[in-house]
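*Asks:* Quick one: the structure is below, and I'll ask about it shortly.
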Amino acid sequence: MRKYQNNPFNCAVVRTVNYIGGKWKPIILIRLLSGSVRFGKLTSQIPDISRKILTQQLKELEEDGLIIRNEYKEKPPRVEYELSERGKTLMPILKAMFDWGVQMESPETRGTWDPVMPENIK
């Protein structure tokens, strides 16, 4: 069963964390910024996540309306995931998280913007 952080004061930050918080959801969302991705491709792009946890996280993101699951009736069956319109509204939030993370790095290891994410995010 899905666990939500208690939010007695109806805090918007807690609500946001309930949607995209955790170890894997931001990573999954970043991988979907460039367009639809097949399940197998996600497993190769995020090698440390188990298939079970990836499936669970994708289901939660879909239930929350942040991603769309497209199932194609082919042989073999094909499933692709993409950001929904609501999910696309997270782009500035993910960019801000990236920028903050860069600021927290030491100058010697400072990275560059992930090429998977579009440069035109404002």
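Chain labels A, B, ... are given in the sequence in which chains occur in the structure tokens; within each chain residues are numbered consecutively from 1, and ligands are likewise numbered from 1 in the order shown.
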Write out as a PyMOL selection string which residues come within 6 Å of Ser84 in chain A when counting only C-alpha atoms, dropping same-chain ones fewer than 3 positions away.

*Replies:* chain A and resi 66-68+87

*Asks:* Using DSSP on the backbone coordinates, identify all residues within range 4-108 of chain A classified as helix (DSSP H, G or I); present the result as a PyMOL selection string.

*Replies:* chain A and resi 12-20+25-32+39-45+51-63+85-88+91-104+107-108

*Asks:* Please produce, as a Markdown table, a per-residue contact table for range 46-96 of chain A versus range 15-27 of chain A (criterion: any atom at most 8 Å away, only C-alpha atoms considered), showing the nearest atom pair and its distance in Å to one decimal, sorted by chain then residue number.

*Replies:*
| residue | atom | partner | partner_atom | distance |
| --- | --- | --- | --- | --- |
| A:Ile46 | CA | A:Ile27 | CA | 7.9 |
| A:Ile49 | CA | A:Trp24 | CA | 7.7 |
| A:Leu54 | CA | A:Trp24 | CA | 7.9 |
| A:Gln57 | CA | A:Lys25 | CA | 6.6 |
| A:Leu61 | CA | A:Tyr19 | CA | 7.5 |
| A:Asp64 | CA | A:Tyr19 | CA | 7.1 |
| A:Leu94 | CA | A:Pro26 | CA | 7.4 |

*Asks:* Just give me the gap between CA of Phe39 in chain A and CA of Glu62 in chain A in Å, one decimal is fine.

*Replies:*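 That distance, rounded to one decimal, is 13.6 Å.
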
*Asks:* Could you jot down the CA of Ile30 in chain A to CA of Trp100 in chain A separation for me, Å, one decimal place?

*Replies:* 15.3 Å
